[in-house]
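File shown here: my_file-v4.tsv, holding TSV, C-alpha atoms.
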```tsv
chain	number	residue	atom	x	y	z
A	1484	MET	CA	-8.39	223.39	132.61
A	1485	LYS	CA	-5.86	223.06	129.83
A	1486	VAL	CA	-8.35	224.44	127.40
A	1487	PRO	CA	-11.97	225.42	128.11
A	1488	THR	CA	-14.61	222.99	126.90
A	1489	ALA	CA	-12.90	219.80	127.89
A	1490	ALA	CA	-9.37	220.26	126.75
A	1491	ILE	CA	-7.86	220.63	123.33
A	1492	ALA	CA	-9.26	217.42	121.94
A	1493	GLY	CA	-12.70	218.50	123.04
A	1494	LEU	CA	-12.32	221.74	121.13
A	1495	VAL	CA	-11.41	219.80	118.05
A	1496	MET	CA	-14.18	217.26	118.42
A	1497	VAL	CA	-17.04	219.49	119.48
A	1498	VAL	CA	-17.86	222.57	117.44
A	1499	GLY	CA	-21.10	224.38	118.24
A	1500	GLY	CA	-22.48	221.21	119.77
A	1501	ALA	CA	-21.84	219.15	116.64
A	1502	VAL	CA	-19.56	216.14	116.93
A	1503	ALA	CA	-16.66	216.60	114.53
A	1504	TYR	CA	-15.46	213.01	114.89
A	1505	PRO	CA	-18.60	210.93	114.31
A	1506	GLY	CA	-19.25	208.19	116.81
A	1507	LEU	CA	-16.70	209.31	119.39
A	1508	LYS	CA	-19.18	210.26	122.13
A	1509	ASP	CA	-21.24	207.12	121.53
A	1510	THR	CA	-18.08	205.03	121.62
A	1511	ILE	CA	-16.95	206.52	124.94
A	1512	ASP	CA	-20.41	206.20	126.48
A	1513	GLU	CA	-20.57	202.59	125.35
A	1514	ILE	CA	-17.18	201.46	126.59
A	1515	SER	CA	-17.43	203.33	129.88
A	1516	ASN	CA	-20.21	200.92	130.78
A	1517	GLN	CA	-18.18	197.82	129.92
A	1518	VAL	CA	-15.84	197.62	132.90
A	1519	ASP	CA	-15.93	194.04	134.08
A	1520	SER	CA	-18.05	193.85	137.22
A	1521	SER	CA	-16.67	190.46	138.26
A	1522	PRO	CA	-14.43	190.36	141.33
A	1523	ARG	CA	-10.93	191.62	140.62
A	1524	PRO	CA	-8.03	189.24	141.21
A	1525	VAL	CA	-6.25	189.77	144.51
A	1526	PRO	CA	-3.04	191.75	143.79
A	1527	GLU	CA	0.15	189.73	144.18
A	1528	LEU	CA	3.09	190.62	146.36
A	1529	ILE	CA	6.56	190.69	144.85
A	1530	GLY	CA	10.20	190.36	145.85
A	1531	ASP	CA	10.95	189.70	149.50
A	1532	LEU	CA	7.45	190.88	150.45
A	1533	GLU	CA	6.16	187.51	149.22
A	1534	HIS	CA	7.62	185.65	152.17
A	1535	LEU	CA	8.09	188.22	154.97
A	1536	SER	CA	5.52	188.35	157.75
A	1537	GLU	CA	3.87	191.65	158.65
A	1538	CYS	CA	5.72	191.81	161.96
A	1539	SER	CA	9.09	191.56	160.22
A	1540	LEU	CA	8.42	194.45	157.83
A	1541	THR	CA	10.05	197.84	158.14
A	1542	SER	CA	7.79	200.87	157.93
A	1543	THR	CA	8.76	201.27	154.27
A	1544	GLY	CA	8.25	197.58	153.54
A	1545	SER	CA	4.83	197.71	155.15
A	1546	ALA	CA	3.87	200.83	153.19
A	1547	ILE	CA	4.89	199.25	149.90
A	1548	LYS	CA	3.00	196.07	150.74
A	1549	HIS	CA	-0.20	197.97	151.38
A	1550	ILE	CA	0.28	200.11	148.26
A	1551	LEU	CA	0.60	196.95	146.17
A	1552	LEU	CA	-2.52	195.48	147.80
A	1553	GLY	CA	-4.50	198.62	147.05
A	1554	GLN	CA	-4.97	199.51	150.70
A	1555	ILE	CA	-3.19	202.88	150.96
A	1556	ASN	CA	-2.55	205.83	148.67
A	1557	PRO	CA	0.20	205.29	146.05
A	1558	GLN	CA	0.58	209.06	145.66
A	1559	ASP	CA	1.83	211.79	147.96
A	1560	LEU	CA	0.69	215.16	146.70
A	1561	PHE	CA	1.73	217.34	149.61
A	1562	SER	CA	5.09	216.44	151.20
A	1563	THR	CA	7.96	218.89	150.93
A	1564	TYR	CA	11.63	218.74	151.77
A	1565	THR	CA	14.63	221.03	151.95
A	1566	ALA	CA	18.04	219.46	151.58
A	1567	PRO	CA	19.97	219.87	154.86
A	1568	GLY	CA	23.20	220.68	153.06
A	1569	ALA	CA	25.08	220.91	149.81
A	1570	LYS	CA	26.15	217.86	147.84
A	1571	GLY	CA	29.05	216.20	149.63
A	1572	SER	CA	28.46	217.97	152.94
A	1573	PRO	CA	28.34	215.89	156.15
A	1574	ALA	CA	24.73	216.95	156.73
A	1575	CYS	CA	23.70	215.75	153.28
A	1576	ALA	CA	25.64	212.51	153.59
A	1577	ALA	CA	23.81	211.75	156.84
A	1578	ASP	CA	20.37	211.90	155.16
A	1579	THR	CA	19.65	209.28	152.49
A	1580	CYS	CA	17.16	211.51	150.69
A	1581	CYS	CA	19.38	214.61	150.57
A	1582	ILE	CA	21.35	213.70	147.46
A	1583	TRP	CA	18.10	212.69	145.78
A	1584	LYS	CA	16.72	216.18	146.35
A	1585	HIS	CA	19.68	217.62	144.46
A	1586	ILE	CA	19.19	215.06	141.70
A	1587	ALA	CA	15.43	215.52	141.44
A	1588	ASP	CA	15.79	219.29	141.19
A	1589	GLU	CA	18.31	218.97	138.36
A	1590	LEU	CA	16.12	216.47	136.52
A	1591	ARG	CA	13.08	218.72	136.90
A	1592	ASP	CA	14.90	221.70	135.40
A	1593	ALA	CA	15.90	219.62	132.37
A	1594	MET	CA	12.45	218.13	131.77
A	1595	VAL	CA	10.15	221.15	131.40
A	1596	GLY	CA	10.02	223.61	128.52
A	1597	THR	CA	8.99	227.24	128.25
A	1598	ALA	CA	5.30	226.36	127.86
A	1599	GLY	CA	5.27	224.47	131.16
A	1600	ARG	CA	4.74	221.18	129.33
A	1601	CYS	CA	7.03	218.20	129.84
A	1602	ASN	CA	9.59	217.60	127.13
A	1603	LYS	CA	11.30	214.73	125.36
A	1604	LEU	CA	13.65	214.04	128.27
A	1605	ALA	CA	10.72	213.69	130.68
A	1606	ARG	CA	8.85	211.37	128.34
A	1607	GLY	CA	12.02	209.41	127.65
A	1608	ALA	CA	12.69	209.05	131.37
A	1609	VAL	CA	9.23	207.57	131.92
A	1610	ARG	CA	9.76	205.11	129.08
A	1611	LEU	CA	13.29	204.26	130.28
A	1612	GLY	CA	11.89	203.36	133.68
A	1613	PHE	CA	9.37	201.06	132.01
A	1614	HIS	CA	11.96	199.36	129.85
A	1615	ASP	CA	14.43	198.72	132.67
A	1616	ALA	CA	11.85	197.37	135.12
A	1617	GLY	CA	9.84	195.56	132.46
A	1618	GLY	CA	12.76	193.26	131.68
A	1619	TRP	CA	11.65	191.04	134.58
A	1620	SER	CA	9.19	188.16	134.38
A	1621	ARG	CA	8.41	185.24	136.66
A	1622	LYS	CA	8.99	182.77	133.84
A	1623	THR	CA	12.50	184.03	133.04
A	1624	GLY	CA	13.88	183.99	136.56
A	1625	PRO	CA	15.50	186.52	138.88
A	1626	ASP	CA	17.47	188.60	136.38
A	1627	GLY	CA	16.08	191.75	134.84
A	1628	GLY	CA	13.76	194.25	136.43
A	1629	ALA	CA	14.55	197.59	138.01
A	1630	ASP	CA	18.28	196.89	138.26
A	1631	GLY	CA	19.89	199.44	135.94
A	1632	SER	CA	20.86	196.83	133.37
A	1633	ILE	CA	19.31	198.75	130.49
A	1634	LEU	CA	22.27	201.14	130.80
A	1635	LEU	CA	24.85	199.06	132.64
A	1636	ALA	CA	24.60	196.23	130.09
A	1637	ASN	CA	24.16	198.58	127.09
A	1638	GLU	CA	20.69	197.23	126.35
A	1639	CYS	CA	19.62	200.75	125.43
A	1640	GLU	CA	21.82	200.80	122.35
A	1641	GLU	CA	21.84	197.10	121.51
A	1642	ARG	CA	18.18	196.09	121.66
A	1643	ARG	CA	15.72	197.15	119.01
A	1644	GLU	CA	12.83	197.62	121.45
A	1645	ASN	CA	14.76	200.49	123.04
A	1646	GLY	CA	14.87	202.52	119.85
A	1647	GLY	CA	14.07	206.16	120.51
A	1648	LEU	CA	15.64	206.15	123.97
A	1649	GLU	CA	19.09	207.21	122.77
A	1650	GLN	CA	18.85	210.79	124.02
A	1651	ILE	CA	17.61	209.96	127.51
A	1652	CYS	CA	20.11	207.10	127.82
A	1653	ALA	CA	22.97	209.46	126.99
A	1654	GLN	CA	21.68	212.08	129.42
A	1655	MET	CA	21.12	209.53	132.17
A	1656	ARG	CA	24.76	208.46	131.83
A	1657	VAL	CA	25.80	212.10	132.24
A	1658	TRP	CA	23.79	212.31	135.46
A	1659	TRP	CA	25.18	208.96	136.58
A	1660	ASP	CA	28.76	210.12	136.11
A	1661	LYS	CA	27.96	213.25	138.10
A	1662	TYR	CA	26.23	211.57	141.05
A	1663	LYS	CA	27.50	207.99	141.32
A	1664	GLY	CA	30.21	209.13	143.71
A	1665	TYR	CA	27.51	209.94	146.26
A	1666	GLY	CA	26.54	206.29	146.69
A	1667	ILE	CA	23.48	206.08	144.47
A	1668	SER	CA	22.60	203.16	142.19
A	1669	MET	CA	21.88	203.38	138.48
A	1670	ALA	CA	18.68	201.43	139.14
A	1671	ASP	CA	17.44	204.12	141.51
A	1672	LEU	CA	18.50	206.94	139.19
A	1673	ILE	CA	16.44	205.45	136.34
A	1674	GLN	CA	13.35	205.01	138.50
A	1675	MET	CA	13.68	208.44	140.11
A	1676	GLY	CA	13.92	209.83	136.59
A	1677	ALA	CA	10.65	208.09	135.70
A	1678	THR	CA	8.73	209.48	138.67
A	1679	VAL	CA	10.16	212.97	138.19
A	1680	GLY	CA	9.30	212.71	134.50
A	1681	ALA	CA	5.68	211.89	135.29
A	1682	VAL	CA	5.07	214.56	137.93
A	1683	VAL	CA	6.55	217.41	135.90
A	1684	CYS	CA	4.05	216.75	133.12
A	1685	PRO	CA	1.04	219.00	133.84
A	1686	GLN	CA	-1.58	217.03	135.81
A	1687	GLY	CA	0.84	214.12	136.27
A	1688	PRO	CA	0.83	211.87	139.36
A	1689	ARG	CA	3.24	212.35	142.26
A	1690	ILE	CA	4.16	208.69	142.70
A	1691	ARG	CA	5.59	207.42	145.96
A	1692	SER	CA	9.26	206.83	145.27
A	1693	PHE	CA	11.79	204.57	146.93
A	1694	VAL	CA	15.57	204.16	146.80
A	1695	GLY	CA	18.00	201.41	147.71
A	1696	ARG	CA	17.78	199.11	144.68
A	1697	ARG	CA	20.84	197.09	143.74
A	1698	ASP	CA	22.51	197.38	140.35
A	1699	ASN	CA	23.03	194.39	138.08
A	1700	PRO	CA	25.38	194.61	135.08
A	1701	LYS	CA	23.99	191.37	133.63
A	1702	PRO	CA	21.65	191.87	130.66
A	1703	ALA	CA	17.96	191.26	131.29
A	1704	PRO	CA	16.39	188.25	129.59
A	1705	LYS	CA	15.16	189.03	126.09
A	1706	GLY	CA	11.52	188.97	125.05
A	1707	ASN	CA	9.96	190.58	128.11
A	1708	LEU	CA	8.87	193.87	126.51
A	1709	PRO	CA	5.81	194.14	124.26
A	1710	SER	CA	5.85	195.06	120.58
A	1711	PRO	CA	3.80	198.07	119.40
A	1712	PHE	CA	2.14	195.57	117.03
A	1713	ALA	CA	1.33	192.93	119.67
A	1714	THR	CA	-2.05	191.32	120.15
A	1715	ALA	CA	-4.09	191.91	123.29
A	1716	ASP	CA	-3.67	188.24	124.20
A	1717	SER	CA	0.13	188.40	124.13
A	1718	ILE	CA	0.30	191.71	126.04
A	1719	LEU	CA	-2.05	190.59	128.80
A	1720	ALA	CA	-0.24	187.26	129.18
A	1721	MET	CA	3.15	189.00	129.28
A	1722	PHE	CA	2.05	191.44	131.98
A	1723	ALA	CA	0.21	188.82	134.01
A	1724	ASP	CA	3.59	187.10	134.33
A	1725	LYS	CA	4.86	190.39	135.77
A	1726	THR	CA	1.98	190.35	138.32
A	1727	ILE	CA	0.21	193.21	136.49
A	1728	SER	CA	-3.52	192.87	135.82
A	1729	ALA	CA	-5.45	193.82	132.69
A	1730	GLN	CA	-6.56	197.02	134.38
A	1731	GLY	CA	-2.99	197.72	135.41
A	1732	VAL	CA	-1.85	197.33	131.81
A	1733	VAL	CA	-4.35	199.97	130.65
A	1734	ALA	CA	-3.42	202.33	133.49
A	1735	LEU	CA	0.28	202.09	132.59
A	1736	LEU	CA	-0.43	202.38	128.88
A	1737	GLY	CA	-1.95	205.79	129.52
A	1738	ALA	CA	1.56	207.25	129.76
A	1739	HIS	CA	1.31	207.42	125.98
A	1740	THR	CA	-0.78	210.53	126.53
A	1741	ALA	CA	2.36	212.67	126.75
A	1742	SER	CA	4.32	210.98	123.99
A	1743	GLN	CA	5.59	211.76	120.53
A	1744	GLN	CA	6.69	208.64	118.68
A	1745	THR	CA	9.96	208.52	116.77
A	1746	LYS	CA	10.70	204.96	115.63
A	1747	VAL	CA	7.53	202.90	115.13
A	1748	TYR	CA	6.35	204.81	112.06
A	1749	ALA	CA	9.39	206.32	110.36
A	1750	ASN	CA	7.30	208.64	108.19
A	1751	ARG	CA	5.56	210.13	111.25
A	1752	THR	CA	8.52	211.10	113.44
A	1753	GLY	CA	7.38	213.49	116.14
A	1754	ALA	CA	3.70	212.57	115.80
A	1755	PRO	CA	1.87	212.38	119.15
A	1756	GLN	CA	-0.41	209.63	120.43
A	1757	ASP	CA	-3.06	212.15	121.36
A	1758	THR	CA	-3.68	215.80	120.53
A	1759	THR	CA	-2.20	217.10	123.80
A	1760	PRO	CA	1.44	215.90	123.87
A	1761	GLY	CA	3.41	216.99	126.90
A	1762	ILE	CA	0.34	216.98	129.14
A	1763	TRP	CA	-0.64	214.10	131.39
A	1764	ASP	CA	-4.35	213.98	130.65
A	1765	THR	CA	-7.03	211.47	129.67
A	1766	VAL	CA	-7.41	212.59	126.05
A	1767	TYR	CA	-5.33	209.55	125.04
A	1768	PHE	CA	-7.97	207.12	126.28
A	1769	ARG	CA	-10.74	208.88	124.40
A	1770	GLU	CA	-8.87	209.27	121.14
A	1771	THR	CA	-7.44	205.74	121.17
A	1772	SER	CA	-10.95	204.34	121.68
A	1773	ALA	CA	-12.63	206.52	119.04
A	1774	LYS	CA	-13.88	204.95	115.82
A	1775	LYS	CA	-12.40	207.97	114.05
A	1776	CYS	CA	-9.65	210.10	115.52
A	1777	PRO	CA	-7.73	213.24	114.53
A	1778	ASP	CA	-5.39	212.73	111.59
A	1779	LYS	CA	-2.58	214.38	113.56
A	1780	ILE	CA	-2.08	211.47	115.94
A	1781	VAL	CA	-0.70	207.96	115.53
A	1782	ARG	CA	-2.19	204.95	117.23
A	1783	PHE	CA	-0.06	201.88	117.87
A	1784	VAL	CA	-1.65	198.62	116.75
A	1785	SER	CA	-1.10	197.21	120.24
A	1786	ASP	CA	-2.96	200.15	121.80
A	1787	THR	CA	-5.98	199.81	119.54
A	1788	ASN	CA	-6.00	196.06	120.13
A	1789	LEU	CA	-6.32	196.71	123.86
A	1790	ALA	CA	-8.83	199.51	123.38
A	1791	THR	CA	-11.16	197.11	121.55
A	1792	ASP	CA	-10.58	193.92	123.53
A	1793	PRO	CA	-13.51	193.04	125.84
A	1794	ARG	CA	-11.14	192.47	128.78
A	1795	THR	CA	-9.74	195.99	128.62
A	1796	THR	CA	-12.03	198.26	126.59
A	1797	GLY	CA	-14.07	199.26	129.65
A	1798	TYR	CA	-10.98	200.63	131.37
A	1799	PHE	CA	-10.36	202.96	128.43
A	1800	GLY	CA	-13.87	204.28	128.95
A	1801	MET	CA	-13.44	204.56	132.71
A	1802	TYR	CA	-10.17	206.50	132.50
A	1803	GLY	CA	-11.43	208.52	129.55
A	1804	GLU	CA	-14.31	210.04	131.51
A	1805	GLU	CA	-13.73	213.77	131.53
A	1806	ALA	CA	-15.19	214.39	134.99
A	1807	ALA	CA	-13.63	211.68	137.15
A	1808	GLY	CA	-11.22	209.87	134.86
A	1809	GLN	CA	-8.13	211.94	135.63
A	1810	THR	CA	-8.20	211.41	139.41
A	1811	ARG	CA	-8.93	207.71	139.08
A	1812	TRP	CA	-6.30	207.17	136.42
A	1813	ASN	CA	-3.57	209.06	138.30
A	1814	GLU	CA	-4.12	206.90	141.37
A	1815	ASP	CA	-4.22	203.65	139.42
A	1816	TYR	CA	-1.19	204.61	137.34
A	1817	ALA	CA	0.75	205.48	140.49
A	1818	ARG	CA	-0.10	202.17	142.13
A	1819	GLU	CA	0.86	200.16	139.07
A	1820	TYR	CA	4.05	202.13	138.58
A	1821	VAL	CA	5.14	201.49	142.17
A	1822	ARG	CA	4.70	197.79	141.37
A	1823	LEU	CA	6.51	198.02	138.05
A	1824	SER	CA	9.40	200.00	139.55
A	1825	LEU	CA	10.02	197.22	142.06
A	1826	LEU	CA	9.93	194.20	139.74
A	1827	GLY	CA	13.02	192.07	140.20
A	1828	VAL	CA	14.02	193.97	143.36
A	1829	PRO	CA	14.91	191.40	146.06
A	1830	ASN	CA	15.34	193.84	148.96
A	1831	ILE	CA	12.11	195.84	148.97
A	1832	ASN	CA	11.90	195.71	152.76
A	1833	ASP	CA	15.23	197.53	153.01
A	1834	LEU	CA	14.35	200.49	150.79
A	1835	THR	CA	13.96	204.10	151.90
A	1836	GLU	CA	11.08	206.31	150.84
A	1837	CYS	CA	12.17	209.63	149.33
A	1838	THR	CA	8.92	210.81	147.73
A	1839	LYS	CA	9.36	214.13	149.50
A	1840	VAL	CA	12.20	215.12	147.14
A	1841	LEU	CA	9.96	215.06	144.07
A	1842	PRO	CA	8.85	218.28	142.40
A	1843	ALA	CA	5.48	219.57	143.55
A	1844	PHE	CA	2.25	218.23	142.07
A	1845	THR	CA	1.32	220.56	139.22
A	1846	GLY	CA	-2.40	220.45	139.99
A	1847	ALA	CA	-5.56	218.95	138.58
A	1848	SER	CA	-5.84	221.41	135.70
A	1849	PHE	CA	-3.56	223.18	133.27
A	1850	THR	CA	-4.00	226.14	130.93
A	1851	ASN	CA	-1.77	226.24	127.89
A	1852	PRO	CA	-0.07	229.63	127.55
A	1853	ASP	CA	-0.20	229.08	123.77
A	1854	GLU	CA	-3.74	227.76	123.76
A	1855	ASP	CA	-4.65	229.13	120.34
A	1856	MET	CA	-1.66	227.40	118.73
A	1857	MET	CA	-2.41	224.12	120.51
A	1858	VAL	CA	-5.94	224.18	119.13
A	1859	ARG	CA	-4.56	224.74	115.63
A	1860	TYR	CA	-2.04	221.94	116.21
A	1861	ALA	CA	-4.79	219.54	117.22
A	1862	LYS	CA	-6.66	220.41	114.01
A	1863	GLY	CA	-3.58	219.54	111.97
A	1864	GLU	CA	-3.02	223.10	110.77
A	1865	LEU	CA	0.61	223.40	111.90
A	1866	LEU	CA	3.71	221.84	110.38
A	1867	ALA	CA	6.97	220.33	111.68
A	1868	HIS	CA	7.99	223.44	113.63
A	1869	ALA	CA	5.11	222.70	116.02
A	1870	ASP	CA	6.28	219.10	116.55
A	1871	ALA	CA	9.75	220.39	117.39
A	1872	ALA	CA	8.43	222.93	119.89
A	1873	LEU	CA	6.22	220.34	121.56
A	1874	GLU	CA	9.13	217.91	121.71
A	1875	ALA	CA	11.00	220.53	123.74
A	1876	GLY	CA	7.97	221.45	125.85
A	1877	ASP	CA	8.25	224.96	124.45
A	1878	LEU	CA	5.75	227.52	123.27
A	1879	ILE	CA	4.64	226.91	119.69
A	1880	PRO	CA	5.83	229.89	117.62
A	1881	HIS	CA	3.28	231.81	115.61
```
Whole structure, structure tokens version:
Amino acid sequence: MKVPTAAIAGLVMVVGGAVAYPGLKDTIDEISNQVDSSPRPVPELIGDLEHLSECSLTSTGSAIKHILLGQINPQDLFSTYTAPGAKGSPACAADTCCIWKHIADELRDAMVGTAGRCNKLARGAVRLGFHDAGGWSRKTGPDGGADGSILLANECEERRENGGLEQICAQMRVWWDKYKGYGISMADLIQMGATVGAVVCPQGPRIRSFVGRRDNPKPAPKGNLPSPFATADSILAMFADKTISAQGVVALLGAHTASQQTKVYANRTGAPQDTTPGIWDTVYFRETSAKKCPDKIVRFVSDTNLATDPRTTGYFGMYGEEAAGQTRWNEDYAREYVRLSLLGVPNINDLTECTKVLPAFTGASFTNPDEDMMVRYAKGELLAHADAALEAGDLIPH
């Protein structure tokens, strides 16, 4: 485990059997029993999968269809792959996934710090994938979605909702300049960055990943991304129009577990959204749901609105369970991210699966090499130097 006794947050909250944050355990026990027992809506198909018959699907198209319908595993924890040749070699050019192995390896090396935790680039890549794909909605038509427009149309710099993404946008353009000559799309690069960014975070999911998206230099329609101050009603309606259910919204929201915010609260730059930034765990769900939480963290208004809304509060409890929550959340996050990463993509049936190029799954547990400092950080005992180290994924200096 990351830290004995149920992770760092557990160490902060439970001291000698006494609950340090009153009401937290009762809150979690209560909401974990509130998952709606009514039948779930049947998941929708998207893109060309909406109208293609099963017999006309490629093997990849069929796999994606059954992932979206919840019928097969959205993760692949075990596949491996060795590139058949160097970049630009005939052997590499003959294998669609080869160049992506070179790319994924470079992204991995840039996204992990000396402590083994994922860094700001990894977290930014996950968020960049969200913001590119999330620009699509049924009500606003075919433009937007996972089409690369967040960078190709300069949305990253020109739209307020993308504040905080400047570093990853600049770095993604560097990678794009380096690899675009090998026939890749910006849309695929962004989404590969998001799945690499998730799996390199300790305990993160290894999401099935596909390439072959088409780029679109036209800006995505405005108004399709949620505000950190949004109501639960507006968020759930917005995502329903993206074919994402209330449970899917909560699963995707859990990516905030690894974050450190920079723009929403200007006086709290670098503050995390749970006490274990850089680690893909379920502490976020517990601390966002708590009646009282550690002073160190920030909670977005939109997140607390969802954590207390009767349509979604039970999912916070379900994913926040320390015994089974991690496995369940990773699977649900992976399934919803496959869906999100294909919004607005009209040629899903023509894609190629390249999950095998991703870095290896880090495992179901993680031990911090600087465990004592992380415990002190969670208690609020450390100053800005700790935020900077965590931002880089590095060991916190004594």
Expressed in Å to a single decimal, how great is the separation between atom CA of Pro1852 of chain A and atom CA of Val1840 of chain A? 27.3 Å
Could you list, as a PyMOL selection string, every residue within 12 Å of segment 1570-1578 of chain A, counting all atoms listed in the file and ignoring same-chain residues fewer than 3 positions away? chain A and resi 1564-1567+1581-1586+1661-1667+1835-1837+1840
All residues 9 Å or closer to Ile1762 of chain A, all atoms listed in the file, same chain fewer than 3 positions away omitted, as a VMD selection string: chain A and resid 1485 1600 to 1601 1684 to 1687 1740 to 1742 1759 1849
Taking into account all atoms listed in the file, which residue in the set A:Leu1841, A:Val1609, A:Leu1865, A:Ala1773 is nearest to Ala1587 of chain A?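 Answer, going by the shortest atom-to-atom distance: A:Leu1841.
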Between atom CA of Gly1631 of chain A and atom CA of Val1732 of chain A - distance in Å to one decimal: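 Between atom CA of Val1732 of chain A and atom CA of Gly1631 of chain A the gap is 22.2 Å.
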Using all atoms listed in the file, which of the listed residues (A:Val1679, A:Ala1754, A:Leu1535, A:Met1801) sits closest to Asp1778 of chain A?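 Closest to Asp1778 of chain A of all the choices is A:Ala1754.
Separating atom CA of Asp1786 of chain A from atom CA of Leu1590 of chain A is a distance of 29.1 Å.
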Of the residues A:Gly1596, A:Pro1702, A:Pro1829, A:Pro1777, which is the one nearest to Glu1874 of chain A, using all atoms listed in the file?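 Closest residue, counting all atoms listed in the file: A:Gly1596.
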Leaving out Gly1553 of chain A and any residue of its chain fewer than 3 positions from it, which residues lie within 8 Å of it when counting all atoms listed in the file, given as a list in words?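 Everything that qualifies: Pro1526, His1549, Ile1550, Asn1556 and Arg1818 of chain A.
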So that I can see what lies close to Asp1615 of chain A, please list as a count of residues only the residues with an atom at most 6 Å from it, counting all atoms listed in the file and leaving out residues fewer than 5 positions away in the same chain. 3
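Closest approach to Val1694 of chain A from the set A:Thr1838, A:Ser1620, A:Thr1787, A:Asn1750 is made by A:Thr1838, with distances taken over only C-alpha atoms.
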A:Pro1625, A:Asp1877, A:Leu1789, A:Cys1538 ranked by distance to Ala1713 of chain A, top pick (using all atoms listed in the file):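 Ranked by minimum distance to Ala1713 of chain A, first place goes to A:Leu1789.
Distances here use all atoms listed in the file; by that measure, the residue among A:Ala1729, A:Lys1705, A:Gly1676, A:Phe1768 closest to Arg1782 of chain A is A:Phe1768.
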Which polymer residues have any atom within 12 Å of an atom of segment 1635-1649 of chain A, counting only C-alpha atoms, with same-chain residues fewer than 5 positions away left out, as number ranges by chain? A: 1603-1615, 1617-1618, 1627, 1629-1630, 1654-1656, 1659, 1668-1670, 1673, 1697-1712, 1742-1749, 1752-1753
